[in-house]
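Undergrad: What follows is a single structure, and I will ask about it in a moment.
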Amino acid sequence: LMHLTRKLIEIRSMLLSIDQSDALKLPSIVVIGSQSSGKSSVLEAIVGHEFLPKGNNMVTRRPIELTLVHTPAKGDGKSPEEYGEFPALGLGKITNFSQIQQTLTDLNLAVPTSEAVSNDPIDLRIYSPNVPDLTLIDLPGYVQISSMDQPETLKEKIAGLCERYIREPNIILAVCAADVDLANSPALRASRKVDPLGLRTIGVITKMDLVPPEQGATILAGNRYPLHLGYVGVVAKSAGKNSSSQSAGTVAKRSENDYFGSHRDYFGASSSLMVGTDTLRRRLMEVLESSMASSLHGITNAVQLELEEATYQFKVQYNDRRITAESYVAETVDMLKARFKEFTAKFRKPQVREKLKIMLDEKVMDVLEQLYWLDKRTPELGMLAANSKVKPQDVEPYWRHKLDAASSLLTKSGVGRDSTLLVADGLRALIDSIVSGDPFTYHPRAAERLVQFSHMILRDRIGVTSDQVENCIKPFKYEVDVDEREWAQGRGRAAELFENEIVMCESKLKEIRKKVGGGRRLNNLLGYVRNLEEKAKERTNKRLAGDDDAQEEPESYRYPPGQILDARHAMLYSDRLSILKLRLAALKSKRCKAGPENDVLCPEVFLNVVADKLAHTSTMFINIELLDHFFDQLPRGIDSRLIYDLDRKEIEEFARENPVVKRHLELQERKDKLEEVMKQLNSLSTLRTDTQPAPRRQ
Ligand code: GDP
């Protein structure tokens with residue numbers, strides 16, 4: 001039967017990891033008692049080591065799930081190592097019991113004082129040839145009086161915690177000190193509430209040495225407060241802080257033997273009273289065994305039911321499809337790379353060139369505005385172009401200088417930096433859009449890492465790239481050769497840009513017209529504003545001529561200031577429109593169509609060709625210096641930073657960040673564990689039939 005308990009203890013802890021519902025619980029022994037009743041001393045006597053937290057006012061703040069595993073002596077007669085393990089902490093074997101004690105102290109002290117006690121149990125296993133297979137749960141001791149630095153609610157909190165643990169099917173080990181009236185024992189009181197007949201309560205009477213033996217014997221006889229499982233008397237005085245842990249058990253044991261040995265009249269074999277730690281140990285084993293055995297049938301049924309349900313759900317919800325955290329991570333990475341690849345199409349050379357050209361067209365328009373549209377003489381340029389008698393070489397040097405200035409304004413406007421930044425911004429936006437989609441919404445940390453990494457690559461490359469681009473467009477700062485074909489294309493594009501600009505200005509004008517209430521009103525408004533401006537000009541002229549009488553005339557506010565502002569905008573747009581239309585006509589003239597020799601007369605065409613060349617050259621070098629690097633490094637970064645960086649635990653965590661995957665994994669695990677438990681339970685029942693005597697042949 002030994003084997004059975006051991007197996008069931010294993011099964012019990014598996015079941016605990018499946019869920020905390022009472023239906024799937026195998027019994028354990030729960031140790032309760034008031035503070036200083038000797039609870040720790042009893043537990044340490046059972047284990048044979050001092051390992052529980054001690055100290056002034058040191059209450060156990062968390063339940064300790066103590067699993068004792070009996071390790072049988074090896075064949076060579078050497079006694080196997082004794083050690084403890086905290087499975088949840090992954091500290092490995094701890095052979096030094098004062099280290100176990102220290103760890104337990106730390107874990108207890110980690111519970112904030114405001115909480116006082118925590119429901120979260122500490123899992124501790126002790127392997128030793130000197131312990132039986134047992135599971136014991138050490139609970140915080142009942143406090144009688146709340147002291148100053150303990151919150152008022154502590155008493156209730158501890159009572160609540162104990163109440164949860166002393167439910168069926170657990171066995172209650174009620175620790176009471178012999179020198180305290182049993183009537184006052186909170187442990188017995190709590191037990192009586194849930195187990196009035198004492199069917200699953202064992203009484204442990206400590207400090208037997210502190211009362212006269214006849215009084216001790218009376219308590220153990222249990223006539224006053226009968227318990228079906230009886231009382232065991234012990235002397236389990238722990239050997240104090242200073243003694244070494246090894247000797248603690250031995251010293252305690254000796255004093256216990258001495259005590260009961262010297263009172264054989266009361267406690268001898270003939271008394272049929274249960275005394276001594278060894279007896280207690282044996283008693284606990286028997287009780288746990290029989291309790292486990294009687295739970296076996298019920299638990300098997302419960303597990304079977306749960307397993308059927310889990311299997312059904314797994315089939316229905318996931319069609320039996322199994323996943324692992326690793327497979328999810330791999331899928332996510334594949335998807336990320338695929339999405340990335342798909343997006344790279346946006347960064348092929350023609351697409352990049354197109355983007356850069358749009359930016360440069362803007363620059364061309366700015367240059368034209370600055371140098372031509374604001375120049376009162378620009379209409380002359382149209383007239384020169386229309387005059388077929390004017391040869392290009394006859395045109396005033398003024399216009400040649402102007403064109404050179406315009407061209408150098410464009411080529412020296414920081415194209416290298418601007419175009420590099422434009423593409424880098426595009427890449428940044430690309431990454432943002434990738435990580436803002438499913439499933440990265442569930443993985444904010446991974447998304448952040450990816451963003452960080454991509455920014456790092458960009459930061460690394462931006463300087464180099466923009467210098468390189470700037471360097472390569474350098475020749476255009478001195479001279480640009482334009483051939484016939486380039487000219488024709490440039491003219492077409494320039495005309496198109498002007499048409500767009502005209503449409504834009506017209507729509508703005510229309511907006512204003514609508515805003516002020518129609519064309520007629522706008523005309524009146526414009527007339528009024530022009531008049532105002534005339535007068536203002538006159539006044540300035542007079543003042544300049546020394547006429548001090550030029551008085552400031554008060555404005556006769558016929559229109560609200562907002563409308564006057566609108567009118568000023570309207571005037572700007574219509575001035576702009578007339579110059580744009582003039583230039584568009586020039587662009588469509590024979591002269592501009594003729595060819596590059598007319599560059600001075602058709603600056604728009606020339607600048608457009610320059611912009612195109614700049615876009616082309618920039619694209620080439622951005623492609624080599626920035627895009628190639630980026631598209632090469634990022635996928636590697638995804639592998640090295642997102643995956644190989646992660647250990648098993650992090651992979652699990654990552655996968656579980658996605659709630660869909662989490663649910664899938666959890667159900668799958670539940671099913672697997674239940675299957676495993678079921679297998680173990682089934683093997684137990686064959687074990688039991690094996691051990692039964694074979695039916696006799698007739
Ligand atoms: P806990 O607070 O219930 O865990 O109680 P402890 O195990 O810490 O014991 C409280 C005090 O009682 C300690 O000073 C122990 O040495 C002492 N003590 C425990 N068991 C016995 C015993 O059987 N006999 C005597 N004389 N003292 C004991």
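Starting from 1 in every chain, residues are counted up; chains themselves are A, B, ... following the order of the structure tokens, and ligands are numbered from 1 as listed.
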Using only C-alpha atoms, which residues sit within 10 Å of Gln489 (chain A) once same-chain residues fewer than 4 positions away are excluded, as number ranges by chain?

TA: A: 484-485, 493-494, 605, 608-609, 612

Undergrad: Now that the selection is made, can you save its residues with all heavy atoms as a CSV table (one decimal), in the first residue's frame?

TA:
chain,number,residue,atom,x,y,z
A,484,GLU,N,17.3,66.3,-75.9
A,484,GLU,CA,16.0,66.6,-76.5
A,484,GLU,C,14.9,65.8,-75.9
A,484,GLU,O,13.8,66.3,-75.5
A,484,GLU,CB,16.0,66.2,-78.0
A,484,GLU,CG,16.9,67.0,-78.9
A,484,GLU,CD,16.4,68.5,-79.2
A,484,GLU,OE1,15.2,68.7,-78.9
A,484,GLU,OE2,17.2,69.4,-79.5
A,485,ARG,N,15.2,64.6,-75.6
A,485,ARG,CA,14.2,63.7,-75.1
A,485,ARG,C,13.8,64.1,-73.7
A,485,ARG,O,12.6,64.2,-73.3
A,485,ARG,CB,14.7,62.2,-75.1
A,485,ARG,CG,13.6,61.2,-74.9
A,485,ARG,CD,14.2,59.8,-74.8
A,485,ARG,NE,15.3,59.8,-73.8
A,485,ARG,CZ,15.0,59.5,-72.5
A,485,ARG,NH1,13.8,59.2,-72.1
A,485,ARG,NH2,16.0,59.5,-71.6
A,493,ARG,N,5.8,67.4,-68.2
A,493,ARG,CA,5.5,67.3,-66.8
A,493,ARG,C,5.3,68.7,-66.1
A,493,ARG,O,4.5,68.9,-65.3
A,493,ARG,CB,6.7,66.6,-66.0
A,493,ARG,CG,6.7,65.1,-66.2
A,493,ARG,CD,7.7,64.5,-65.3
A,493,ARG,NE,9.0,65.2,-65.4
A,493,ARG,CZ,10.0,64.6,-66.1
A,493,ARG,NH1,9.9,63.5,-66.7
A,493,ARG,NH2,11.2,65.3,-66.2
A,494,ALA,N,6.1,69.7,-66.6
A,494,ALA,CA,6.0,71.0,-66.1
A,494,ALA,C,4.6,71.6,-66.4
A,494,ALA,O,3.9,72.1,-65.5
A,494,ALA,CB,7.1,71.9,-66.7
A,605,VAL,N,10.8,74.2,-67.5
A,605,VAL,CA,11.1,72.9,-68.1
A,605,VAL,C,12.5,72.5,-67.7
A,605,VAL,O,12.7,71.4,-67.2
A,605,VAL,CB,11.1,73.0,-69.7
A,605,VAL,CG1,11.5,71.7,-70.3
A,605,VAL,CG2,9.8,73.5,-70.1
A,608,ASN,N,12.5,71.3,-64.1
A,608,ASN,CA,11.9,70.0,-64.0
A,608,ASN,C,12.8,68.9,-64.4
A,608,ASN,O,12.9,67.8,-63.7
A,608,ASN,CB,10.6,70.0,-64.9
A,608,ASN,CG,9.7,69.0,-64.4
A,608,ASN,OD1,10.0,67.8,-64.4
A,608,ASN,ND2,8.5,69.4,-63.9
A,609,VAL,N,13.6,69.1,-65.4
A,609,VAL,CA,14.6,68.1,-65.8
A,609,VAL,C,15.6,67.9,-64.8
A,609,VAL,O,16.0,66.8,-64.4
A,609,VAL,CB,15.2,68.5,-67.2
A,609,VAL,CG1,16.4,67.5,-67.5
A,609,VAL,CG2,14.2,68.5,-68.3
A,612,ASP,N,14.3,65.9,-62.0
A,612,ASP,CA,14.2,64.5,-62.4
A,612,ASP,C,15.5,63.8,-62.3
A,612,ASP,O,15.6,62.7,-61.8
A,612,ASP,CB,13.7,64.4,-63.9
A,612,ASP,CG,13.1,63.0,-64.1
A,612,ASP,OD1,12.3,62.6,-63.3
A,612,ASP,OD2,13.5,62.4,-65.1

Undergrad: List as an MDAnalysis selection string the protein and nucleic acid residues near region 467-480 of chain A, meaning an atom at most 8 Å away when only C-alpha atoms are counted, but skip any in the same chain fewer than 2 places from it.

TA: chainID A and resid 407:408 411:412 414:417 463:465 482 610 614 617:618 621:622 625

Undergrad: Restricting the output to all heavy atoms, write the selected residues as a short mmCIF file (atom, residue, chain, number, x, y, z; two decimals), in the first residue's frame.

TA:
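result.cif, freshly written:
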data_model
loop_
_atom_site.label_atom_id
_atom_site.label_comp_id
_atom_site.auth_asym_id
_atom_site.auth_seq_id
_atom_site.Cartn_x
_atom_site.Cartn_y
_atom_site.Cartn_z
N SER A 407 18.53 77.22 -60.59
CA SER A 407 19.07 75.86 -60.64
C SER A 407 19.92 75.58 -59.41
O SER A 407 19.81 74.51 -58.79
CB SER A 407 19.90 75.71 -61.91
OG SER A 407 20.48 74.44 -61.93
N SER A 408 20.73 76.55 -59.00
CA SER A 408 21.59 76.24 -57.86
C SER A 408 20.79 76.25 -56.56
O SER A 408 21.09 75.52 -55.63
CB SER A 408 22.82 77.16 -57.86
OG SER A 408 22.63 78.24 -57.01
N THR A 411 19.52 72.67 -56.56
CA THR A 411 20.51 71.60 -56.32
C THR A 411 21.17 71.74 -54.95
O THR A 411 21.65 70.76 -54.40
CB THR A 411 21.61 71.61 -57.41
OG1 THR A 411 22.15 72.92 -57.50
CG2 THR A 411 21.06 71.20 -58.75
N LYS A 412 21.14 72.95 -54.40
CA LYS A 412 21.80 73.13 -53.11
C LYS A 412 20.81 73.20 -51.95
O LYS A 412 21.11 73.72 -50.89
CB LYS A 412 22.67 74.39 -53.14
CG LYS A 412 23.87 74.22 -54.05
CD LYS A 412 24.67 75.48 -54.18
CE LYS A 412 25.78 75.28 -55.21
NZ LYS A 412 26.38 76.57 -55.62
N GLY A 414 19.73 70.88 -50.13
CA GLY A 414 19.81 69.78 -49.15
C GLY A 414 19.04 68.55 -49.60
O GLY A 414 18.36 67.90 -48.81
N VAL A 415 19.20 68.26 -50.89
CA VAL A 415 18.46 67.12 -51.46
C VAL A 415 18.87 65.81 -50.80
O VAL A 415 18.04 64.95 -50.51
CB VAL A 415 18.69 67.06 -52.98
CG1 VAL A 415 18.07 65.81 -53.56
CG2 VAL A 415 18.11 68.30 -53.64
N GLY A 416 20.17 65.67 -50.52
CA GLY A 416 20.65 64.42 -49.94
C GLY A 416 19.94 64.10 -48.64
O GLY A 416 19.41 63.00 -48.45
N ARG A 417 19.89 65.07 -47.76
CA ARG A 417 19.28 64.86 -46.46
C ARG A 417 17.76 64.68 -46.59
O ARG A 417 17.20 63.75 -46.03
CB ARG A 417 19.59 66.06 -45.58
CG ARG A 417 19.60 65.70 -44.14
CD ARG A 417 20.08 66.83 -43.27
NE ARG A 417 19.44 66.64 -41.99
CZ ARG A 417 18.28 67.16 -41.69
NH1 ARG A 417 17.66 67.94 -42.54
NH2 ARG A 417 17.73 66.91 -40.50
N GLY A 463 22.91 59.02 -41.84
CA GLY A 463 24.03 59.94 -42.07
C GLY A 463 24.83 59.56 -43.30
O GLY A 463 25.04 60.38 -44.20
N VAL A 464 25.22 58.28 -43.34
CA VAL A 464 26.02 57.78 -44.46
C VAL A 464 25.29 58.01 -45.77
O VAL A 464 25.86 58.49 -46.76
CB VAL A 464 26.26 56.26 -44.30
CG1 VAL A 464 27.16 55.75 -45.39
CG2 VAL A 464 26.80 55.95 -42.93
N THR A 465 24.00 57.63 -45.76
CA THR A 465 23.23 57.71 -47.00
C THR A 465 23.10 59.15 -47.48
O THR A 465 23.33 59.44 -48.66
CB THR A 465 21.83 57.10 -46.80
OG1 THR A 465 21.97 55.82 -46.23
CG2 THR A 465 21.10 56.99 -48.12
N VAL A 482 21.08 68.77 -70.81
CA VAL A 482 19.72 68.29 -71.08
C VAL A 482 19.63 67.91 -72.55
O VAL A 482 20.01 68.71 -73.42
CB VAL A 482 18.70 69.39 -70.78
CG1 VAL A 482 17.28 68.89 -71.03
CG2 VAL A 482 18.86 69.89 -69.34
N VAL A 610 16.07 69.05 -64.18
CA VAL A 610 17.06 68.95 -63.10
C VAL A 610 16.48 68.13 -61.95
O VAL A 610 17.14 67.21 -61.42
CB VAL A 610 17.49 70.35 -62.60
CG1 VAL A 610 18.43 70.22 -61.40
CG2 VAL A 610 18.15 71.13 -63.73
N LEU A 614 17.92 64.71 -60.30
CA LEU A 614 18.21 64.59 -58.86
C LEU A 614 17.48 63.39 -58.27
O LEU A 614 18.04 62.61 -57.50
CB LEU A 614 17.80 65.86 -58.12
CG LEU A 614 18.61 67.13 -58.43
CD1 LEU A 614 17.99 68.33 -57.72
CD2 LEU A 614 20.06 66.93 -58.01
N THR A 617 19.19 60.09 -59.45
CA THR A 617 20.47 59.80 -58.79
C THR A 617 20.26 59.49 -57.31
O THR A 617 20.82 58.54 -56.77
CB THR A 617 21.40 61.02 -58.93
OG1 THR A 617 21.43 61.38 -60.31
CG2 THR A 617 22.79 60.70 -58.46
N SER A 618 19.42 60.27 -56.64
CA SER A 618 19.17 60.03 -55.21
C SER A 618 18.63 58.63 -55.01
O SER A 618 19.06 57.90 -54.10
CB SER A 618 18.15 61.02 -54.66
OG SER A 618 18.56 62.33 -54.90
N PHE A 621 21.26 55.87 -55.06
CA PHE A 621 22.15 55.73 -53.90
C PHE A 621 21.40 55.43 -52.61
O PHE A 621 21.92 54.75 -51.74
CB PHE A 621 23.07 56.95 -53.81
CG PHE A 621 24.11 56.89 -54.87
CD1 PHE A 621 23.91 57.52 -56.09
CD2 PHE A 621 25.25 56.12 -54.69
CE1 PHE A 621 24.85 57.41 -57.10
CE2 PHE A 621 26.18 56.01 -55.70
CZ PHE A 621 25.99 56.65 -56.92
N ILE A 622 20.18 55.91 -52.52
CA ILE A 622 19.37 55.54 -51.35
C ILE A 622 19.12 54.04 -51.38
O ILE A 622 19.14 53.35 -50.37
CB ILE A 622 18.06 56.33 -51.33
CG1 ILE A 622 18.34 57.78 -50.94
CG2 ILE A 622 17.06 55.71 -50.37
CD1 ILE A 622 17.15 58.68 -50.99
N GLU A 625 22.49 52.42 -50.28
CA GLU A 625 22.99 52.72 -48.95
C GLU A 625 21.97 52.51 -47.84
O GLU A 625 22.33 52.25 -46.70
CB GLU A 625 23.49 54.18 -48.89
CG GLU A 625 24.62 54.49 -49.82
CD GLU A 625 25.92 53.80 -49.41
OE1 GLU A 625 25.99 53.29 -48.28
OE2 GLU A 625 26.84 53.74 -50.25
#

Undergrad: How close does chain A get to ligand 1? List, as CSV, each residue of chain A within 10 Å, its nearest atom pair and the distance in Å to one decimal, counting only C-alpha atoms and all ligand atoms.

TA:
residue,atom,partner,partner_atom_place_in_ligand_line,distance
A:Val31,CA,ligand 1,3 (O),9.9
A:Ile32,CA,ligand 1,3 (O),8.6
A:Gly33,CA,ligand 1,3 (O),6.2
A:Ser34,CA,ligand 1,3 (O),5.9
A:Gln35,CA,ligand 1,2 (O),4.0
A:Ser36,CA,ligand 1,2 (O),3.3
A:Ser37,CA,ligand 1,3 (O),3.9
A:Gly38,CA,ligand 1,5 (O),3.3
A:Lys39,CA,ligand 1,3 (O),3.7
A:Ser40,CA,ligand 1,4 (O),3.6
A:Ser41,CA,ligand 1,7 (O),3.7
A:Val42,CA,ligand 1,7 (O),6.6
A:Leu43,CA,ligand 1,7 (O),8.1
A:Glu44,CA,ligand 1,7 (O),8.3
A:Ala45,CA,ligand 1,20 (N),9.5
A:Leu52,CA,ligand 1,4 (O),8.5
A:Pro53,CA,ligand 1,4 (O),9.0
A:Lys54,CA,ligand 1,8 (O),6.9
A:Gly55,CA,ligand 1,8 (O),8.7
A:Asn57,CA,ligand 1,2 (O),9.4
A:Met58,CA,ligand 1,2 (O),8.8
A:Val59,CA,ligand 1,2 (O),7.8
A:Thr60,CA,ligand 1,4 (O),8.7
A:Asp138,CA,ligand 1,4 (O),9.5
A:Leu139,CA,ligand 1,4 (O),9.8
A:Pro140,CA,ligand 1,4 (O),8.7
A:Gly141,CA,ligand 1,3 (O),6.3
A:Tyr142,CA,ligand 1,3 (O),8.8
A:Val143,CA,ligand 1,2 (O),9.6
A:Val175,CA,ligand 1,3 (O),7.8
A:Cys176,CA,ligand 1,3 (O),8.6
A:Ala177,CA,ligand 1,20 (N),7.8
A:Ala178,CA,ligand 1,23 (O),8.5
A:Asp179,CA,ligand 1,24 (N),9.6
A:Ile205,CA,ligand 1,23 (O),8.2
A:Thr206,CA,ligand 1,23 (O),4.6
A:Lys207,CA,ligand 1,23 (O),3.2
A:Met208,CA,ligand 1,23 (O),5.8
A:Asp209,CA,ligand 1,24 (N),5.7
A:Leu210,CA,ligand 1,26 (N),5.7
A:Val211,CA,ligand 1,26 (N),9.4
A:Gly233,CA,ligand 1,23 (O),8.7
A:Val234,CA,ligand 1,23 (O),5.9
A:Val235,CA,ligand 1,23 (O),3.3
A:Ala236,CA,ligand 1,23 (O),3.9
A:Lys237,CA,ligand 1,21 (C),3.5
A:Ser238,CA,ligand 1,16 (O),4.6
A:Ala239,CA,ligand 1,16 (O),6.5
A:Gly240,CA,ligand 1,16 (O),6.4
A:Lys241,CA,ligand 1,16 (O),9.6
A:Ala252,CA,ligand 1,23 (O),8.6
A:Ser255,CA,ligand 1,24 (N),9.2
A:Glu256,CA,ligand 1,23 (O),7.9

Undergrad: Using DSSP assignments from the backbone, pull out every residue in region 6-240 of chain A that falls under helix (DSSP H, G or I) and give it to me as a ChimeraX atom specification.

TA: /A:6-18,22-24,39-47,97-109,154-165,182-184,186-194,208-210,213-221

Undergrad: Quote the spacing between CA of Ile457 (chain A) and CA of Gly637 (chain A) in Å to one decimal place.

TA: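 Taking CA of Ile457 (chain A) as the start and CA of Gly637 (chain A) as the end point, the length is 9.7 Å.
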
Undergrad: Please provide the set of residues having any atom within 12 Å of Ser589 (chain A), restricted to only C-alpha atoms, with same-chain residues fewer than 2 positions apart removed, written as a ChimeraX atom specification.

TA: /A:382-388,491-492,495,582-587,591-595,598,601-602

Undergrad: For Leu430 (chain A), which residue out of A:Glu342, A:Asp628, A:Glu657, A:Asp181 is the nearest one, using only C-alpha atoms?

TA: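 Looking at the shortest contact to Leu430 (chain A), the residue is A:Glu342.
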
Undergrad: For Val516 (chain A), find every residue with an atom within 10 Å (counting only C-alpha atoms), except residues of its own chain fewer than 3 positions away, and show them as a PyMOL selection string.

TA: chain A and resi 511-513+519-522+525+562-564+566-567

Undergrad: Do you know which residues are at most 10 Å from region 283-288 of chain A counting only C-alpha atoms, after dropping those on the same chain fewer than 3 positions away, and could you put them as a count of residues only?

TA: 32

Undergrad: Between A:Arg530, A:Pro186, A:Met365, A:Ile624, which one has atoms that come closest to Lys155 (chain A), using only C-alpha atoms?

TA: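 Looking at the shortest contact to Lys155 (chain A), the residue is A:Pro186.
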
Undergrad: Could you pull out the residues in region 7-159 of chain A that DSSP calls strand (DSSP E or B) from the backbone, as number ranges by chain?

TA: A: 29-34, 64-70, 83-85, 94, 122-128, 134-138, 142

Undergrad: Considering only C-alpha atoms, can you say which of A:Leu107, A:Ala302, A:Val529, A:Leu607 comes closest to Arg558 (chain A)?

TA: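 Among the listed residues, A:Val529 lies closest to Arg558 (chain A).
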
Undergrad: Residues at most 8 Å from Leu360 (chain A), counting only C-alpha atoms, excluding those fewer than 4 positions away in the same chain, as a list in words?

TA: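 Near Leu360 (chain A), the qualifying residues are Leu356, Val364, Ala611, Asp612 and Ala615 of chain A.
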
Undergrad: Work out how far CA of Val329 (chain A) is from CA of Met456 (chain A), in Å to one decimal.

TA: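 If I compute the distance from CA of Met456 (chain A) to CA of Val329 (chain A), I get 23.3 Å.
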
Undergrad: Leaving out Leu371 (chain A) and any residue of its chain fewer than 2 positions from it, which residues lie within 9 Å of it when counting only C-alpha atoms, given as an NGL selection string?

TA: :A and (366-369 or 373-375 or 402-403 or 405-406)
